[in-house]
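See below for protein.cif, which holds mmCIF, C-alpha atoms.
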```
data_run
loop_
_atom_site.label_atom_id
_atom_site.label_comp_id
_atom_site.auth_asym_id
_atom_site.auth_seq_id
_atom_site.Cartn_x
_atom_site.Cartn_y
_atom_site.Cartn_z
CA MET A 1089 -29.38 37.98 24.28
CA GLU A 1090 -32.24 35.58 24.74
CA ASN A 1091 -31.81 32.07 23.36
CA LEU A 1092 -34.39 32.57 20.59
CA GLU A 1093 -32.73 35.81 19.49
CA ILE A 1094 -29.34 34.07 19.35
CA LYS A 1095 -30.80 31.17 17.39
CA ASN A 1096 -32.36 33.50 14.80
CA LYS A 1097 -29.20 35.57 14.42
CA VAL A 1098 -27.01 32.48 13.96
CA LYS A 1099 -29.38 30.98 11.40
CA GLU A 1100 -29.42 34.24 9.46
CA LEU A 1101 -25.61 34.45 9.59
CA VAL A 1102 -25.19 30.89 8.30
CA GLU A 1103 -27.70 31.37 5.48
CA THR A 1104 -25.98 34.61 4.41
CA ALA A 1105 -22.59 32.88 4.38
CA GLU A 1106 -24.00 29.90 2.49
CA ALA A 1107 -25.31 32.14 -0.28
CA GLU A 1108 -21.79 33.49 -0.84
CA LEU A 1109 -20.20 30.09 -1.39
CA LYS A 1110 -21.68 28.87 -4.68
CA GLU A 1111 -18.39 29.15 -6.57
CA GLN A 1112 -16.45 27.21 -3.90
CA TYR A 1113 -19.15 24.52 -3.67
CA LYS A 1114 -19.13 24.04 -7.45
CA LYS A 1115 -15.42 23.15 -7.37
CA VAL A 1116 -16.03 20.64 -4.58
CA GLU A 1117 -18.84 19.00 -6.56
CA GLU A 1118 -16.57 18.62 -9.62
CA ILE A 1119 -13.89 16.91 -7.54
CA CYS A 1120 -16.48 14.58 -6.02
CA GLU A 1121 -17.75 13.55 -9.44
CA PHE A 1122 -14.18 12.88 -10.67
CA ASN A 1123 -13.30 10.72 -7.66
CA SER A 1124 -16.63 8.90 -7.75
CA GLU A 1125 -15.91 7.82 -11.32
CA LYS A 1126 -12.42 6.71 -10.27
CA VAL A 1127 -13.80 4.54 -7.46
CA LEU A 1128 -16.59 3.06 -9.58
CA THR A 1129 -14.09 2.17 -12.31
CA ALA A 1130 -11.85 0.43 -9.74
CA PHE A 1131 -14.80 -1.64 -8.49
CA GLN A 1132 -15.78 -2.63 -12.02
CA ARG A 1133 -12.24 -3.33 -13.24
CA ASN A 1134 -11.64 -5.69 -10.33
CA ARG A 1135 -15.07 -7.33 -10.70
CA VAL A 1136 -16.26 -6.89 -7.13
CA THR A 1137 -19.05 -9.39 -6.41
CA GLU A 1138 -21.34 -10.19 -3.50
CA ALA A 1139 -19.09 -13.15 -2.71
CA ASP A 1140 -16.37 -10.64 -1.78
CA PHE A 1141 -18.48 -9.61 1.25
CA GLY A 1142 -17.65 -12.97 2.84
CA SER A 1143 -15.68 -13.40 6.03
CA THR A 1144 -12.79 -15.42 7.41
CA THR A 1145 -11.66 -16.21 10.95
CA GLY A 1146 -8.53 -17.69 12.48
CA TYR A 1147 -5.54 -17.30 10.18
CA GLY A 1148 -7.57 -15.77 7.37
CA TYR A 1149 -6.11 -17.91 4.60
CA ASP A 1150 -7.50 -17.49 1.07
CA ASP A 1151 -9.76 -14.54 1.88
CA ILE A 1152 -10.87 -13.53 -1.62
CA GLY A 1153 -12.70 -10.44 -0.36
CA ARG A 1154 -9.64 -9.14 1.45
CA GLU A 1155 -7.53 -9.62 -1.67
CA LYS A 1156 -10.16 -7.87 -3.82
CA ILE A 1157 -10.37 -4.91 -1.43
CA GLU A 1158 -6.62 -4.40 -1.62
CA LYS A 1159 -6.67 -4.52 -5.42
CA VAL A 1160 -9.46 -1.93 -5.52
CA PHE A 1161 -7.59 0.41 -3.14
CA ALA A 1162 -4.38 -0.05 -5.15
CA ASP A 1163 -6.24 0.94 -8.34
CA VAL A 1164 -7.74 4.03 -6.71
CA PHE A 1165 -4.30 5.14 -5.49
CA HIS A 1166 -2.37 4.14 -8.66
CA ALA A 1167 -0.29 1.91 -6.37
CA GLU A 1168 1.69 -1.23 -7.15
CA ASP A 1169 0.24 -2.82 -4.03
CA CYS A 1170 -1.78 -2.03 -0.94
CA ILE A 1171 -2.55 -3.53 2.45
CA VAL A 1172 -5.96 -2.64 3.95
CA ARG A 1173 -6.68 -4.22 7.31
CA GLY A 1174 -8.92 -3.99 10.33
CA GLN A 1175 -5.93 -5.10 12.39
CA PHE A 1176 -4.66 -1.52 12.10
CA ILE A 1177 -6.25 0.26 15.05
CA SER A 1178 -5.56 3.78 13.76
CA GLY A 1179 -3.62 5.89 11.29
CA THR A 1180 -0.90 6.26 13.92
CA HIS A 1181 -0.67 2.47 14.19
CA ALA A 1182 -0.31 2.12 10.40
CA LEU A 1183 2.39 4.82 10.37
CA THR A 1184 4.18 3.03 13.21
CA VAL A 1185 4.06 -0.31 11.39
CA ALA A 1186 5.44 1.35 8.25
CA LEU A 1187 8.28 3.11 10.06
CA PHE A 1188 9.37 -0.01 11.93
CA ALA A 1189 9.10 -2.00 8.69
CA PHE A 1190 11.28 0.34 6.61
CA LEU A 1191 13.89 1.51 9.15
CA ARG A 1192 16.76 -0.43 10.71
CA PRO A 1193 19.24 0.37 13.52
CA GLY A 1194 21.58 3.12 12.34
CA ASP A 1195 19.14 4.43 9.71
CA THR A 1196 18.02 8.05 9.68
CA MET A 1197 14.44 9.26 9.36
CA LEU A 1198 13.98 12.87 8.26
CA SER A 1199 10.74 14.83 8.61
CA ILE A 1200 10.77 17.85 6.28
CA ASN A 1201 7.62 19.56 7.58
CA GLY A 1202 8.76 20.01 11.17
CA LYS A 1203 7.58 17.79 14.01
CA PRO A 1204 4.97 15.16 13.06
CA TYR A 1205 1.63 14.75 14.81
CA ASP A 1206 1.73 14.47 18.60
CA THR A 1207 0.86 10.75 18.71
CA LEU A 1208 4.13 9.94 16.91
CA ASP A 1209 6.30 11.58 19.59
CA GLU A 1210 6.77 8.36 21.55
CA VAL A 1211 6.88 6.24 18.40
CA ILE A 1212 9.86 8.19 17.08
CA GLY A 1213 11.46 8.86 20.45
CA ILE A 1214 10.96 12.63 20.58
CA ALA A 1215 9.34 11.78 23.91
CA GLU A 1216 11.14 8.98 25.72
CA ASN A 1217 9.71 5.48 25.35
CA GLN A 1218 11.53 2.17 25.62
CA SER A 1219 9.70 0.86 22.54
CA SER A 1220 10.46 3.87 20.30
CA LEU A 1221 12.45 3.90 17.06
CA LYS A 1222 15.13 5.77 18.98
CA SER A 1223 15.45 2.91 21.47
CA PHE A 1224 16.19 0.60 18.52
CA GLY A 1225 18.96 2.89 17.27
CA VAL A 1226 17.03 4.73 14.55
CA ASN A 1227 18.03 8.38 14.22
CA TYR A 1228 15.47 11.15 13.80
CA GLU A 1229 15.97 14.61 12.33
CA GLN A 1230 13.57 17.31 11.20
CA ILE A 1231 13.62 20.40 9.02
CA ASP A 1232 10.96 23.00 9.71
CA LEU A 1233 8.83 24.64 7.07
CA VAL A 1234 9.57 28.23 6.06
CA ASN A 1235 6.52 30.41 5.38
CA ASP A 1236 4.41 27.25 5.04
CA ASP A 1237 6.67 25.79 2.35
CA PHE A 1238 9.56 23.36 2.35
CA ASP A 1239 13.05 24.68 3.15
CA TYR A 1240 14.66 23.47 -0.08
CA GLU A 1241 18.10 24.78 0.78
CA LYS A 1242 18.30 22.91 4.10
CA ILE A 1243 16.80 19.75 2.59
CA GLU A 1244 19.39 19.68 -0.20
CA GLU A 1245 22.19 20.44 2.24
CA ARG A 1246 21.11 17.60 4.55
CA LEU A 1247 20.72 15.04 1.77
CA LYS A 1248 24.19 15.79 0.42
CA LYS A 1249 25.74 15.49 3.90
CA SER A 1250 25.05 11.78 4.59
CA LYS A 1251 22.58 9.02 3.78
CA VAL A 1252 18.94 9.43 4.82
CA LYS A 1253 16.87 6.22 4.63
CA LEU A 1254 13.39 7.71 4.81
CA ILE A 1255 11.79 11.12 4.36
CA GLU A 1256 8.40 11.60 5.97
CA ILE A 1257 5.90 14.27 4.91
CA GLN A 1258 2.72 14.87 6.89
CA ARG A 1259 0.33 16.75 4.63
CA SER A 1260 -2.32 17.66 7.19
CA LYS A 1261 -1.37 20.08 9.95
CA GLY A 1262 -2.13 17.92 12.98
CA TYR A 1263 -2.15 20.25 15.97
CA ALA A 1264 0.41 22.61 14.40
CA LEU A 1265 -0.60 26.13 13.37
CA ARG A 1266 0.85 25.84 9.86
CA LYS A 1267 -1.08 25.42 6.65
CA SER A 1268 -1.68 21.91 5.34
CA ILE A 1269 0.61 20.96 2.47
CA SER A 1270 -0.78 20.97 -1.06
CA LEU A 1271 -0.02 18.20 -3.52
CA SER A 1272 1.69 20.68 -5.85
CA LYS A 1273 4.20 21.48 -3.09
CA VAL A 1274 4.69 17.76 -2.43
CA GLU A 1275 5.36 17.18 -6.13
CA SER A 1276 7.84 20.05 -6.27
CA VAL A 1277 9.86 18.87 -3.26
CA ILE A 1278 9.89 15.25 -4.47
CA LYS A 1279 11.42 16.36 -7.77
CA ARG A 1280 14.18 18.23 -5.92
CA ILE A 1281 14.82 15.28 -3.61
CA ARG A 1282 15.12 12.86 -6.53
CA GLU A 1283 17.76 15.05 -8.14
CA ILE A 1284 19.99 14.31 -5.14
CA ASP A 1285 18.88 10.85 -3.97
CA LYS A 1286 16.85 8.49 -6.16
CA ASP A 1287 16.71 5.75 -3.53
CA VAL A 1288 15.49 7.50 -0.37
CA ILE A 1289 12.03 6.28 0.67
CA ILE A 1290 9.50 9.12 0.50
CA MET A 1291 6.56 8.32 2.78
CA ILE A 1292 3.45 10.48 2.98
CA ASP A 1293 1.09 10.66 5.94
CA ASN A 1294 -2.06 11.14 3.85
CA CYS A 1295 -4.59 11.22 6.72
CA TYR A 1296 -7.49 13.67 6.18
CA CYS A 1297 -6.38 14.37 2.57
CA GLU A 1298 -7.79 11.56 0.41
CA PHE A 1299 -10.30 12.63 -2.27
CA VAL A 1300 -10.05 16.32 -1.34
CA GLY A 1301 -8.36 16.76 -4.74
CA LYS A 1302 -8.23 14.78 -7.97
CA LYS A 1303 -4.76 13.29 -7.42
CA GLU A 1304 -3.04 11.35 -4.64
CA PRO A 1305 0.67 11.49 -3.63
CA LEU A 1306 1.74 8.29 -5.43
CA GLU A 1307 0.82 10.01 -8.68
CA VAL A 1308 3.44 12.72 -8.08
CA GLY A 1309 6.35 10.47 -7.12
CA ALA A 1310 5.87 9.36 -3.51
CA ASP A 1311 6.91 5.77 -2.69
CA VAL A 1312 4.32 4.96 -0.05
CA ILE A 1313 1.27 6.58 1.54
CA VAL A 1314 -0.51 5.82 4.80
CA GLY A 1315 -3.97 6.69 6.07
CA SER A 1316 -6.83 5.78 8.38
CA LEU A 1317 -10.21 4.33 7.46
CA ILE A 1318 -12.07 6.19 10.20
CA LYS A 1319 -11.15 9.30 8.29
CA ASN A 1320 -11.80 10.00 4.61
CA LEU A 1321 -11.63 6.61 2.90
CA GLY A 1322 -13.91 4.78 5.32
CA GLY A 1323 -16.82 6.95 4.23
CA GLY A 1324 -18.31 6.83 7.73
CA ILE A 1325 -19.03 3.11 7.25
CA ALA A 1326 -15.72 1.41 8.09
CA PRO A 1327 -15.68 0.81 11.87
CA ASN A 1328 -11.86 0.82 12.09
CA GLY A 1329 -8.76 0.07 10.03
CA ALA A 1330 -6.12 1.76 7.92
CA TYR A 1331 -4.12 1.27 4.74
CA ILE A 1332 -0.55 1.38 3.45
CA ALA A 1333 -0.18 1.73 -0.34
CA GLY A 1334 2.68 2.18 -2.76
CA ARG A 1335 5.70 0.23 -3.97
CA LYS A 1336 5.16 -3.51 -3.81
CA ASP A 1337 8.38 -4.22 -1.89
CA LEU A 1338 7.53 -1.62 0.75
CA VAL A 1339 3.95 -2.84 1.16
CA GLU A 1340 5.24 -6.39 1.66
CA LEU A 1341 7.69 -5.19 4.34
CA ALA A 1342 4.82 -3.44 6.11
CA ALA A 1343 2.63 -6.54 5.82
CA GLU A 1344 5.33 -8.72 7.37
CA ARG A 1345 5.70 -6.25 10.23
CA LEU A 1346 1.93 -6.24 10.83
CA THR A 1347 1.57 -10.03 10.62
CA VAL A 1348 4.47 -12.51 10.37
CA PRO A 1349 7.67 -12.59 8.29
CA GLY A 1350 7.13 -15.11 5.52
CA GLU A 1351 3.34 -14.78 5.63
CA GLY A 1352 2.75 -11.04 5.17
CA LYS A 1353 -0.46 -10.27 3.27
CA GLY A 1354 -1.42 -13.94 3.07
CA VAL A 1355 -2.91 -13.97 6.56
CA GLY A 1356 -5.28 -11.83 8.58
CA PRO A 1357 -8.94 -12.70 9.17
CA THR A 1358 -11.50 -10.14 8.02
CA LEU A 1359 -14.12 -11.07 10.63
CA GLY A 1360 -17.05 -9.75 8.60
CA ILE A 1361 -15.60 -6.34 7.77
CA ASN A 1362 -15.24 -6.66 3.97
CA LYS A 1363 -18.59 -5.16 3.05
CA SER A 1364 -18.01 -2.18 5.35
CA PHE A 1365 -14.62 -1.47 3.78
CA LEU A 1366 -15.99 -1.69 0.24
CA GLN A 1367 -19.13 0.29 0.94
CA GLY A 1368 -17.16 2.90 2.87
CA LEU A 1369 -14.75 3.42 -0.02
CA PHE A 1370 -17.68 3.59 -2.45
CA LEU A 1371 -19.31 6.39 -0.41
CA ALA A 1372 -16.05 8.16 0.42
CA PRO A 1373 -16.01 10.73 -2.44
CA SER A 1374 -19.49 11.92 -1.46
CA VAL A 1375 -18.76 11.99 2.28
CA VAL A 1376 -15.49 13.88 1.72
CA ARG A 1377 -17.47 16.38 -0.37
CA SER A 1378 -19.84 16.94 2.55
CA SER A 1379 -16.92 17.36 4.95
CA VAL A 1380 -15.18 19.90 2.72
CA LYS A 1381 -18.38 21.90 2.15
CA THR A 1382 -19.01 21.95 5.90
CA ALA A 1383 -15.44 23.17 6.47
CA ILE A 1384 -15.86 25.95 3.90
CA LEU A 1385 -19.12 27.07 5.50
CA THR A 1386 -17.54 26.98 8.97
CA SER A 1387 -14.61 29.05 7.74
CA ARG A 1388 -16.85 31.78 6.32
CA VAL A 1389 -19.19 31.89 9.31
CA MET A 1390 -16.42 32.06 11.91
CA GLU A 1391 -14.53 34.65 9.85
CA LYS A 1392 -17.67 36.79 9.85
CA LEU A 1393 -17.75 36.46 13.64
CA GLY A 1394 -14.21 37.87 13.80
CA TYR A 1395 -12.14 34.74 14.34
CA LYS A 1396 -8.94 33.85 12.53
CA VAL A 1397 -9.51 30.76 10.39
CA GLU A 1398 -7.31 28.47 8.30
CA PRO A 1399 -7.95 27.85 5.48
CA THR A 1400 -10.08 30.86 4.54
CA TYR A 1401 -13.30 29.98 2.75
CA ASP A 1402 -11.89 30.80 -0.71
CA ALA A 1403 -8.46 29.12 -0.30
CA GLU A 1404 -7.35 25.85 -1.88
CA ARG A 1405 -8.45 22.86 0.20
CA VAL A 1406 -5.85 20.21 0.99
CA ASP A 1407 -7.67 18.24 3.70
CA ILE A 1408 -10.97 18.15 5.58
CA VAL A 1409 -9.60 20.04 8.60
CA GLN A 1410 -10.78 23.55 9.45
CA THR A 1411 -9.02 25.45 12.21
CA ILE A 1412 -10.53 28.27 14.25
CA GLU A 1413 -8.31 30.36 16.48
CA PHE A 1414 -10.42 31.32 19.51
CA GLY A 1415 -7.68 33.01 21.55
CA ASP A 1416 -9.66 32.06 24.63
CA ARG A 1417 -9.76 28.80 26.57
CA ASP A 1418 -13.45 28.99 27.45
CA LYS A 1419 -14.58 29.78 23.90
CA LEU A 1420 -12.71 26.76 22.55
CA ILE A 1421 -14.34 24.55 25.17
CA LYS A 1422 -17.81 26.00 24.55
CA TYR A 1423 -17.54 25.57 20.78
CA CYS A 1424 -16.50 21.93 21.15
CA GLN A 1425 -19.33 21.35 23.60
CA GLY A 1426 -21.69 22.90 21.03
CA ILE A 1427 -20.46 20.50 18.35
CA GLN A 1428 -21.16 17.63 20.75
CA SER A 1429 -24.67 18.92 21.43
CA GLY A 1430 -25.29 19.08 17.68
CA SER A 1431 -24.25 15.45 17.16
CA PRO A 1432 -26.49 12.38 16.74
CA ILE A 1433 -24.77 10.28 19.44
CA ASP A 1434 -24.23 11.36 23.07
CA SER A 1435 -25.64 14.80 22.32
CA ASP A 1436 -26.44 15.25 26.02
CA SER A 1437 -22.82 14.63 27.05
CA LEU A 1438 -20.58 17.53 27.96
CA PRO A 1439 -16.96 17.02 26.84
CA GLU A 1440 -14.32 18.39 29.19
CA PRO A 1441 -10.54 18.80 28.72
CA CYS A 1442 -8.52 15.85 29.98
CA GLU A 1443 -5.16 14.13 29.75
CA THR A 1444 -5.18 11.82 26.72
CA PRO A 1445 -2.66 9.07 25.87
CA GLY A 1446 -0.27 10.22 23.15
CA TYR A 1447 -0.71 13.96 23.78
CA LEU A 1448 1.40 16.32 25.86
CA ASP A 1449 -1.34 18.85 26.65
CA PRO A 1450 -4.87 18.35 27.96
CA ILE A 1451 -7.22 17.84 25.01
CA ILE A 1452 -10.89 18.61 24.55
CA MET A 1453 -12.57 16.32 22.06
CA ALA A 1454 -16.12 16.54 20.76
CA SER A 1455 -17.22 13.59 18.65
CA GLY A 1456 -20.80 12.42 18.92
CA SER A 1457 -20.13 9.83 16.27
CA PHE A 1458 -21.28 6.33 15.32
CA THR A 1459 -17.65 5.14 15.30
CA GLN A 1460 -15.52 6.12 18.29
CA GLY A 1461 -12.88 8.69 17.28
CA SER A 1462 -14.13 8.93 13.71
CA SER A 1463 -12.84 12.13 12.11
CA ILE A 1464 -14.94 11.85 8.96
CA GLU A 1465 -17.98 12.39 11.18
CA LEU A 1466 -18.45 15.95 12.44
CA SER A 1467 -16.04 16.50 15.31
CA CYS A 1468 -13.89 19.21 16.84
CA ASP A 1469 -10.94 18.96 19.19
CA GLY A 1470 -7.91 20.89 20.29
CA PRO A 1471 -5.13 21.10 22.84
CA LEU A 1472 -5.61 23.43 25.78
CA ARG A 1473 -2.69 25.71 24.94
CA ASP A 1474 -2.40 29.24 23.61
CA PRO A 1475 -3.75 30.43 21.14
CA PHE A 1476 -6.54 27.89 21.83
CA VAL A 1477 -7.24 26.60 18.35
CA GLY A 1478 -10.10 24.27 17.50
CA PHE A 1479 -9.55 21.65 14.81
CA GLN A 1480 -12.86 20.78 13.20
CA GLN A 1481 -13.30 18.02 10.65
CA GLY A 1482 -15.87 15.79 9.04
CA ALA A 1483 -19.62 15.65 8.37
CA LEU A 1484 -21.31 12.60 6.89
CA THR A 1485 -23.70 14.90 5.04
CA TYR A 1486 -23.52 18.62 4.42
CA GLU A 1487 -26.95 19.12 5.97
CA TYR A 1488 -25.90 17.50 9.26
CA GLY A 1489 -22.63 19.46 9.18
CA LYS A 1490 -24.54 22.73 8.77
CA LEU A 1491 -26.88 21.88 11.64
CA GLY A 1492 -23.90 20.99 13.85
CA LEU A 1493 -22.20 24.29 13.03
CA ILE A 1494 -25.35 26.26 13.90
CA LYS A 1495 -25.61 24.47 17.23
CA ALA A 1496 -21.91 25.06 18.03
CA VAL A 1497 -22.12 28.80 17.33
CA GLU A 1498 -25.33 29.10 19.33
CA TYR A 1499 -23.81 27.30 22.28
CA MET A 1500 -20.68 29.46 22.19
CA LEU A 1501 -22.65 32.72 22.07
CA LYS A 1502 -25.11 31.89 24.86
#
```
Would you write the structure of this file as structure tokens?
Amino acid sequence: MENLEIKNKVKELVETAEAELKEQYKKVEEICEFNSEKVLTAFQRNRVTEADFGSTTGYGYDDIGREKIEKVFADVFHAEDCIVRGQFISGTHALTVALFAFLRPGDTMLSINGKPYDTLDEVIGIAENQSSLKSFGVNYEQIDLVNDDFDYEKIEERLKKSKVKLIEIQRSKGYALRKSISLSKVESVIKRIREIDKDVIIMIDNCYCEFVGKKEPLEVGADVIVGSLIKNLGGGIAPNGAYIAGRKDLVELAAERLTVPGEGKGVGPTLGINKSFLQGLFLAPSVVRSSVKTAILTSRVMEKLGYKVEPTYDAERVDIVQTIEFGDRDKLIKYCQGIQSGSPIDSDSLPEPCETPGYLDPIIMASGSFTQGSSIELSCDGPLRDPFVGFQQGALTYEYGKLGLIKAVEYMLK
């Protein structure tokens, strides 16, 4: 087909799909309004002022803005305490800090959703590394999901066998082909765990999931949650950073692992980032709405083109991630290149698969974003392994997400 013919057919396909999604979009709008009110209330309750946009350098003593930000985040999450810092370079870094803060030699960490995200392989010691938890004598075990749900029988059996210090749950799928884990399933498994062990630390990797629903994991019994600010909660404004929220004693342990024992949350210069963190959180409900609507549209369009998608357009949304199973190496690459060409930054670049630190397979990553690696901006990536699945996420606005999708489909079909 000629390029113009392809362009017209893709536009018609997208508009037809869009017209079918009014019911799904209405639900997303309701969630956005609920979370917007929650954020606004947290700002007002904690009396955020222009003075909180100020900055500190050096040790970062007495940074009133930093302290205010952490109170606002704690309110939003219904947490006893929270640490929100630009010193966290990624969600993986925040997870690493938390794990090293909570676990000691001889302790056991148990993942109950199978293997965590690839970038934690060397952190845990699944892949050999002299700085891993394993090298410090921390034991790791995992229990795989069964039919996309927790294996309650094996979890109960393991907890009754011997002491487990920490249970980790990763809600989003990472590069696995499973479904992301709903909060109702998290709540159900936490209740069962607490019947056996009231003291085990339950830690949730909440990356990609914040504000997709009306509740967060701490509200259903989790002890601590961890996430990145270049995903949902940064609202496309935060240039870096991450958070750890939950029980006060656990947050303090994490703070002392990030900074210095005895100083914890009391130090850490903000270097002019306070306004970005606050403004990003303020915009986050709306940006997450745009990301989810873009994912729903992508799901319907690609399903119409004959591809296997997860979630389907009418399924419950747990995170901002939309997967597309291409079944073909070249189609995955072309789609990602199309996403790049539909981006505002580096649209003339052509992403190619390459070896990437922290991943076992070559990865193709398309992210023409204002913040490097930002997953709340429209992006798509995937490992070059069968069945060649693309993991799409983000969109700062629905309109830009729709335009990026159109460009990606056009590019793939040319």
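Interatomic distance, atom CA of Phe1370 of chain A to atom CA of Lys1319 of chain A: 13.8 Å.
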Checklist entry - Quick one: of A:Ile1427, A:Leu1191, A:Val1312, A:Leu1265, who's nearest to Val1252 of chain A, counting only C-alpha atoms? => result A:Leu1191
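The space between atom CA of Val1397 of chain A and atom CA of Glu1413 of chain A spans 6.2 Å.
In terms of minimum interatomic distance to Met1291 of chain A, A:Ala1182 ranks closest within A:Thr1207, A:Asp1232, A:Tyr1395, A:Ala1182, counting all atoms listed in the file.
With distances taken over all atoms listed in the file, A:Tyr1263 is the one residue among A:Gly1461, A:Glu1487, A:Tyr1263, A:Val1389 lying closest to Pro1475 of chain A.
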Let me have the centre and edge lengths in Å, one decimal, of the box along x, y and z around every listed atom of segment 1145-1148 of chain A with 8 Å of margin on each side, as JSON.
```
{"center_x": -8.6, "center_y": -16.7, "center_z": 9.9, "size_x": 22.1, "size_y": 17.9, "size_z": 21.1}
```
Checklist entry - Expanded to explicit residues, what is the PyMOL selection byres ((chain A and resi 1128) around 12) for this file, as a VMD selection string? => result chain A and resid 1121 to 1127 1129 to 1136 1160 to 1161 1163 to 1164 1366 to 1367 1369 to 1373
Item to check | Target residues per the PyMOL selection byres ((chain A and resi 1286) around 12), formatted as a VMD selection string | outcome: chain A and resid 1247 1251 to 1255 1278 to 1285 1287 to 1290 1309 to 1311
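The coordinates place atom CA of Lys1273 of chain A at 9.8 Å from atom CA of Arg1259 of chain A.
Closest approach to Glu1155 of chain A from the set A:Ser1268, A:Ser1387, A:Thr1180, A:Ser1143 is made by A:Ser1143, with distances taken over all atoms listed in the file.
Counting all atoms listed in the file and comparing A:Leu1341, A:Val1348, A:Asp1206, A:Lys1302, the residue that lies closest to Thr1444 of chain A is A:Asp1206.
Distance annotation: of A:Pro1445, A:Gly1489, A:Pro1349, A:Pro1305, the residue with the minimal separation from Leu1385 of chain A is A:Gly1489; atom set is all atoms listed in the file.
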Please write the residues picked by the PyMOL selection byres ((chain A and resi 1299) around 8) on this file as a PDB file with C-alpha atoms, keeping the file's coordinate frame.
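Saved to result13.pdb:
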```pdb
ATOM      1  CA  ILE A1119     -13.890  16.910  -7.540  1.00  0.00           C
ATOM      2  CA  CYS A1120     -16.480  14.580  -6.020  1.00  0.00           C
ATOM      3  CA  ASN A1123     -13.300  10.720  -7.660  1.00  0.00           C
ATOM      4  CA  CYS A1297      -6.380  14.370   2.570  1.00  0.00           C
ATOM      5  CA  GLU A1298      -7.790  11.560   0.410  1.00  0.00           C
ATOM      6  CA  VAL A1300     -10.050  16.320  -1.340  1.00  0.00           C
ATOM      7  CA  GLY A1301      -8.360  16.760  -4.740  1.00  0.00           C
ATOM      8  CA  LYS A1302      -8.230  14.780  -7.970  1.00  0.00           C
ATOM      9  CA  LYS A1303      -4.760  13.290  -7.420  1.00  0.00           C
ATOM     10  CA  GLU A1304      -3.040  11.350  -4.640  1.00  0.00           C
ATOM     11  CA  ASN A1320     -11.800  10.000   4.610  1.00  0.00           C
ATOM     12  CA  ALA A1372     -16.050   8.160   0.420  1.00  0.00           C
ATOM     13  CA  PRO A1373     -16.010  10.730  -2.440  1.00  0.00           C
ATOM     14  CA  VAL A1376     -15.490  13.880   1.720  1.00  0.00           C
TER      15      VAL A1376
END
```
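Close contacts of Asn1091 of chain A, defined as residues with an atom at most 12 Å away when counting all atoms listed in the file, with chain neighbours fewer than 6 positions off set aside, comprise A:Lys1097, A:Val1098, A:Lys1495, A:Val1497, A:Glu1498, A:Tyr1499, A:Met1500, A:Leu1501, A:Lys1502.
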Do you know which residues are at most 9 Å from Val1172 of chain A counting all atoms listed in the file, after dropping those on the same chain fewer than 2 positions away, and could you put them as an mmCIF file with C-alpha atoms, keeping the file's coordinate frame?
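Dumped to around.cif:
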```cif
data_model
loop_
_atom_site.group_PDB
_atom_site.id
_atom_site.type_symbol
_atom_site.label_atom_id
_atom_site.label_comp_id
_atom_site.auth_asym_id
_atom_site.auth_seq_id
_atom_site.Cartn_x
_atom_site.Cartn_y
_atom_site.Cartn_z
ATOM 1 C CA ARG A 1154 -9.640 -9.140 1.450
ATOM 2 C CA ILE A 1157 -10.370 -4.910 -1.430
ATOM 3 C CA GLU A 1158 -6.620 -4.400 -1.620
ATOM 4 C CA PHE A 1161 -7.590 0.410 -3.140
ATOM 5 C CA CYS A 1170 -1.780 -2.030 -0.940
ATOM 6 C CA GLY A 1174 -8.920 -3.990 10.330
ATOM 7 C CA GLN A 1175 -5.930 -5.100 12.390
ATOM 8 C CA PHE A 1176 -4.660 -1.520 12.100
ATOM 9 C CA LEU A 1317 -10.210 4.330 7.460
ATOM 10 C CA GLY A 1329 -8.760 0.070 10.030
ATOM 11 C CA ALA A 1330 -6.120 1.760 7.920
ATOM 12 C CA TYR A 1331 -4.120 1.270 4.740
ATOM 13 C CA ILE A 1332 -0.550 1.380 3.450
ATOM 14 C CA ALA A 1333 -0.180 1.730 -0.340
ATOM 15 C CA PHE A 1365 -14.620 -1.470 3.780
#
```
Next on the checklist: Is it possible to get the residues within 8 Å of (-20.1, 9.6, 19.7) (coordinates as in the file, counting all atoms listed in the file) written as a PyMOL selection string?
Outcome noted: chain A and resi 1431-1434+1455-1461
Next on the checklist: For His1166 of chain A, find every residue with an atom within 7 Å (counting only C-alpha atoms), except residues of its own chain fewer than 3 positions away, and show them as a ChimeraX atom specification.
Outcome noted: /A:1162-1163,1306-1307
